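S.K.: Contents are compact mmCIF, C-alpha atoms; file name coords.txt:
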```txt
# COMPACT_ATOMS: atom_id res chain seq x y z
CA MET A 183 26.42 15.60 -8.08
CA LEU A 184 23.71 13.03 -7.51
CA LEU A 185 23.92 10.53 -4.72
CA TYR A 186 22.14 7.27 -5.32
CA VAL A 187 20.95 5.32 -2.34
CA GLN A 188 20.39 1.66 -2.93
CA MET A 189 17.75 0.08 -0.71
CA ASP A 190 17.10 -3.61 -0.59
CA LYS A 191 13.62 -5.15 -0.84
CA HIS A 192 13.42 -5.85 2.91
CA THR A 193 14.02 -2.20 3.80
CA ILE A 194 11.33 -1.07 1.37
CA ASP A 195 8.89 -3.68 2.73
CA ALA A 196 9.58 -2.56 6.30
CA ILE A 197 8.94 1.07 5.40
CA ALA A 198 5.71 0.11 3.62
CA LEU A 199 4.53 -1.89 6.65
CA GLU A 200 5.30 0.99 9.01
CA GLN A 201 3.47 3.43 6.73
CA ALA A 202 0.42 1.15 6.36
CA ALA A 203 0.16 0.69 10.14
CA LYS A 204 0.36 4.45 10.64
CA ASP A 205 -1.97 5.51 7.80
CA LYS A 206 -4.67 2.86 8.06
CA PHE A 207 -4.64 2.03 11.79
CA GLY A 208 -2.97 5.00 13.50
CA PHE A 209 -0.47 2.60 15.08
CA ILE A 210 3.14 3.83 15.20
CA VAL A 211 5.48 0.90 14.75
CA ASP A 212 9.16 0.28 13.98
CA VAL A 213 9.69 -2.97 12.08
CA ASP A 214 12.63 -4.97 13.36
CA THR A 215 12.34 -8.33 11.57
CA VAL A 216 9.97 -9.67 8.93
CA ILE A 217 9.25 -13.30 9.85
CA VAL A 218 6.91 -14.24 6.98
CA ASP A 219 6.64 -12.01 3.93
CA GLU A 220 3.51 -11.96 1.75
CA ALA A 221 2.47 -15.56 2.46
CA ASP A 222 -0.75 -16.86 0.94
CA ILE A 223 -3.33 -17.52 3.65
CA ALA A 224 -6.35 -17.91 1.34
CA ARG A 225 -6.81 -17.98 -2.42
CA SER A 226 -6.58 -14.18 -2.73
CA VAL A 227 -5.40 -13.07 0.72
CA LYS A 228 -1.79 -12.49 1.78
CA ALA A 229 -0.22 -11.96 5.20
CA THR A 230 3.02 -10.50 6.45
CA VAL A 231 4.14 -11.37 9.97
CA TYR A 232 6.73 -9.13 11.59
CA LEU A 233 8.36 -8.33 14.89
CA THR A 234 8.68 -4.72 16.06
CA LYS A 235 11.59 -3.17 17.92
CA LYS A 236 9.38 -3.31 21.05
CA LYS A 237 9.16 -7.10 20.54
CA GLN A 238 5.49 -7.08 19.53
CA LEU A 239 4.45 -9.62 16.92
CA LEU A 240 2.05 -8.23 14.31
CA CYS A 241 0.28 -9.76 11.34
CA TYR A 242 -0.82 -7.55 8.44
CA MET A 243 -3.41 -9.17 6.16
CA HIS A 244 -4.73 -7.83 2.86
CA GLY A 245 -6.44 -9.21 -0.17
CA ALA A 246 -8.59 -8.65 -3.20
CA THR A 247 -11.64 -10.22 -1.59
CA LYS A 248 -13.92 -8.84 1.08
CA LEU A 249 -12.73 -9.83 4.53
CA THR A 250 -14.69 -9.58 7.74
CA LEU A 251 -13.46 -9.63 11.32
CA GLY A 252 -14.67 -13.24 11.57
CA ASP A 253 -12.67 -14.21 8.46
CA VAL A 254 -9.53 -12.54 9.81
CA ARG A 255 -9.88 -14.28 13.18
CA LYS A 256 -10.36 -17.66 11.50
CA LEU A 257 -7.37 -17.15 9.21
CA ALA A 258 -5.18 -16.02 12.11
CA THR A 259 -6.17 -19.10 14.11
CA ARG A 260 -5.34 -21.36 11.17
CA MET A 261 -1.98 -19.63 10.82
CA GLY A 262 -1.27 -20.80 14.39
CA PHE A 263 -1.83 -17.54 16.26
CA LYS A 264 -3.57 -16.66 19.47
CA ILE A 265 -4.92 -13.13 18.94
CA GLU A 266 -4.44 -10.42 21.54
CA LEU A 267 -6.02 -7.51 19.64
CA CYS A 268 -7.47 -6.71 16.24
CA LEU A 269 -6.64 -3.05 15.65
CA PRO A 270 -9.58 -0.94 14.36
CA PRO A 271 -9.18 1.52 11.46
CA LYS A 272 -7.56 4.87 12.23
CA GLY A 273 -9.82 7.37 13.95
CA ARG A 274 -12.55 4.82 14.76
CA PRO A 275 -11.69 3.12 18.07
CA LYS A 276 -15.23 1.70 18.41
CA TYR A 277 -15.44 0.60 14.75
CA PHE A 278 -16.39 -3.03 15.39
CA ASP A 279 -18.97 -2.11 18.05
CA GLU A 280 -20.56 0.60 15.87
CA LEU A 281 -21.02 -1.75 12.92
CA ALA A 282 -22.25 -4.55 15.18
CA GLU A 283 -24.89 -2.27 16.66
CA GLU A 284 -26.02 -1.18 13.17
CA GLN A 285 -26.35 -4.82 12.10
CA PHE A 286 -28.20 -5.71 15.30
CA ARG A 287 -30.69 -2.87 14.77
CA ALA A 288 -31.23 -3.91 11.15
CA VAL A 289 -32.15 -7.43 12.27
CA PHE A 290 -34.08 -6.38 15.40
CA PRO A 291 -35.61 -2.96 14.71
CA GLY A 292 -36.73 -1.10 17.82
CA ARG A 293 -34.67 -3.26 20.15
CA ARG A 294 -31.41 -2.31 21.83
CA PRO A 295 -28.69 -4.84 22.65
CA ALA A 296 -29.05 -5.82 26.32
CA SER A 297 -25.43 -6.91 26.72
CA ASP A 298 -22.12 -7.09 24.94
CA GLU A 299 -22.84 -10.75 24.15
CA ASP A 300 -25.78 -9.70 21.95
CA LEU A 301 -23.30 -8.00 19.62
CA ALA A 302 -20.65 -10.75 19.56
CA TYR A 303 -21.90 -12.37 16.33
CA TYR A 304 -22.59 -9.07 14.56
CA ARG A 305 -19.08 -7.85 15.39
CA THR A 306 -17.67 -10.70 13.29
CA LEU A 307 -19.56 -9.36 10.24
CA ALA A 308 -17.69 -6.02 10.20
CA PRO A 309 -15.65 -5.47 7.02
CA TYR A 310 -11.94 -5.63 7.84
CA ASN A 311 -9.59 -5.37 4.87
CA PRO A 312 -6.70 -4.66 5.36
CA ALA A 313 -6.29 -6.08 8.86
CA LEU A 314 -3.63 -5.57 11.51
CA ILE A 315 -3.50 -8.05 14.37
CA LEU A 316 -1.42 -7.98 17.54
CA ILE A 317 -0.40 -11.57 18.30
CA ALA A 318 -0.31 -12.92 21.87
CA GLU A 319 1.20 -16.31 21.07
CA VAL A 320 2.35 -18.57 18.24
CA ARG A 321 0.97 -22.00 19.07
CA ASP A 322 3.33 -24.94 18.53
CA GLY A 323 6.13 -22.57 17.48
CA THR A 324 5.08 -22.76 13.83
CA ILE A 325 3.49 -20.18 11.55
CA TYR A 326 1.41 -21.77 8.78
CA GLN A 327 0.43 -20.65 5.30
CA PHE A 328 -2.28 -21.80 2.90
CA ASP A 329 -1.38 -24.58 0.48
CA PRO A 330 -4.26 -26.13 -1.50
CA ASP A 331 -2.13 -29.17 -2.37
CA ALA A 332 -1.36 -30.09 1.24
CA ARG A 333 -3.48 -32.68 3.02
CA THR A 334 -4.80 -30.16 5.57
CA SER A 335 -4.55 -27.18 3.14
CA TRP A 336 -1.94 -25.63 5.43
CA ARG A 337 1.84 -26.05 5.52
CA PRO A 338 4.54 -24.55 7.72
CA ALA A 339 5.81 -21.16 6.54
CA ALA A 340 8.27 -20.52 9.36
CA LYS A 341 9.38 -21.84 12.73
CA PHE A 342 9.02 -19.05 15.26
CA ALA A 343 8.44 -19.36 19.00
CA TYR A 344 6.66 -16.36 20.55
CA ARG A 345 4.59 -15.74 23.63
CA ARG A 346 3.80 -12.24 24.85
CA ILE A 347 4.26 -11.83 28.58
CA LYS A 348 2.16 -9.04 30.02
CA THR A 349 3.90 -6.68 32.39
CA SER A 350 2.35 -4.02 34.54
```
As a first step, turn the structure in this file into structure tokens.

M.R.:
Amino acid sequence: MLLYVQMDKHTIDAIALEQAAKDKFGFIVDVDTVIVDEADIARSVKATVYLTKKKQLLCYMHGATKLTLGDVRKLATRMGFKIELCLPPKGRPKYFDELAEEQFRAVFPGRRPASDEDLAYYRTLAPYNPALILIAEVRDGTIYQFDPDARTSWRPAAKFAYRRIKTS
């Protein structure tokens, strides 16, 4: 006797998001609610915004184009987010710093970065696709998505008030 289990699209999406966070970023997460599902945030980039059971707001971005950390930060800002943390790929906790130092040495051979500020620009050039961002705050209580026909090229995707309060 076969038992068929019917799963709805939201359950499958939640499982896929949990698996992507675990496989690509080494971040164990339990999806509670999907706020915005596969919204366009650029011509070939999509984002899913979801809330975990621990009440963390995350944004998962992916696309067919090459994305850098600078691109992801800019898109997140335009979506109305204040970023708390951009999670590095699994197994590489210093990923952005390593690539920034490589870029710095390519531009300035024989010179070492004197401070962290020397690497700030080169960090933004690190490839980052897919991206997983931990959100600190949703400004104005609105999450935006890309719309080329809108006056500002952005339109509201969802109303969602969120501000992460740090506890000790």

S.K.: Show which residues sit within 9 Å of stretch 307-309 of chain A, as a PyMOL selection string. Count all atoms listed in the file, and ignore same-chain residues fewer than 4 positions away.

M.R.: chain A and resi 248-253+277-279+281-282+285+303

S.K.: Using all atoms listed in the file, what residues lie at most 7 Å away from (0.7, -23.7, 4.2) (file coordinates), given as a ChimeraX atom specification?

M.R.: /A:326-329,335-339

S.K.: Which is closer to A:His244 than all the others in A:Val227, A:Ala340, A:Ala318, A:Ala221, using all atoms listed in the file?

M.R.: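 When distances to A:His244 are compared using all atoms listed in the file, the smallest one comes from A:Val227.
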
S.K.: May I ask which of the residues A:Leu269, A:Val320, A:Val289, A:Leu257 is the closest one to A:Ala229, counting all atoms listed in the file?

M.R.: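 Distance minimum relative to A:Ala229 lands on A:Leu257.
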
S.K.: Which value, in Å to one decimal, gives the distance between atom CA of A:Gly273 and atom CA of A:Ala203?

M.R.: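 So the two atoms, atom CA of A:Gly273 and atom CA of A:Ala203, lie 12.6 Å apart.
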
S.K.: One number please: atom CA of A:Phe263 to atom CA of A:Lys276, in Å, one decimal.

M.R.: 23.5 Å

S.K.: If you measure from atom CA of A:Arg260 to atom CA of A:Gly323, what distance in Å do you get, rounded to one decimal?

M.R.: 13.1 Å

S.K.: Please return stretch 279-292 of chain A, rebuilt to N, CA and C atoms, as a compact mmCIF listing (two decimals), in the coordinates of the input.

M.R.:
```txt
# COMPACT_ATOMS: atom_id res chain seq x y z
N ASP A 279 -17.74 -2.25 17.27
CA ASP A 279 -18.97 -2.11 18.05
C ASP A 279 -20.03 -1.30 17.32
N GLU A 280 -19.61 -0.22 16.63
CA GLU A 280 -20.56 0.60 15.87
C GLU A 280 -21.24 -0.21 14.77
N LEU A 281 -20.45 -0.95 14.01
CA LEU A 281 -21.02 -1.75 12.92
C LEU A 281 -21.87 -2.89 13.46
N ALA A 282 -21.47 -3.47 14.58
CA ALA A 282 -22.25 -4.55 15.18
C ALA A 282 -23.61 -4.03 15.63
N GLU A 283 -23.63 -2.85 16.20
CA GLU A 283 -24.89 -2.27 16.66
C GLU A 283 -25.81 -1.94 15.48
N GLU A 284 -25.23 -1.44 14.38
CA GLU A 284 -26.02 -1.18 13.17
C GLU A 284 -26.64 -2.47 12.64
N GLN A 285 -25.85 -3.53 12.57
CA GLN A 285 -26.35 -4.82 12.10
C GLN A 285 -27.44 -5.35 13.01
N PHE A 286 -27.23 -5.23 14.32
CA PHE A 286 -28.20 -5.71 15.30
C PHE A 286 -29.53 -4.97 15.12
N ARG A 287 -29.47 -3.66 14.95
CA ARG A 287 -30.69 -2.87 14.77
C ARG A 287 -31.39 -3.17 13.46
N ALA A 288 -30.63 -3.54 12.42
CA ALA A 288 -31.23 -3.91 11.15
C ALA A 288 -32.01 -5.21 11.28
N VAL A 289 -31.49 -6.13 12.07
CA VAL A 289 -32.15 -7.43 12.27
C VAL A 289 -33.29 -7.32 13.28
N PHE A 290 -33.08 -6.55 14.34
CA PHE A 290 -34.08 -6.38 15.40
C PHE A 290 -34.45 -4.91 15.54
N PRO A 291 -35.27 -4.38 14.63
CA PRO A 291 -35.61 -2.96 14.71
C PRO A 291 -36.37 -2.64 16.01
N GLY A 292 -36.05 -1.51 16.60
CA GLY A 292 -36.73 -1.10 17.82
C GLY A 292 -36.20 -1.73 19.09
```
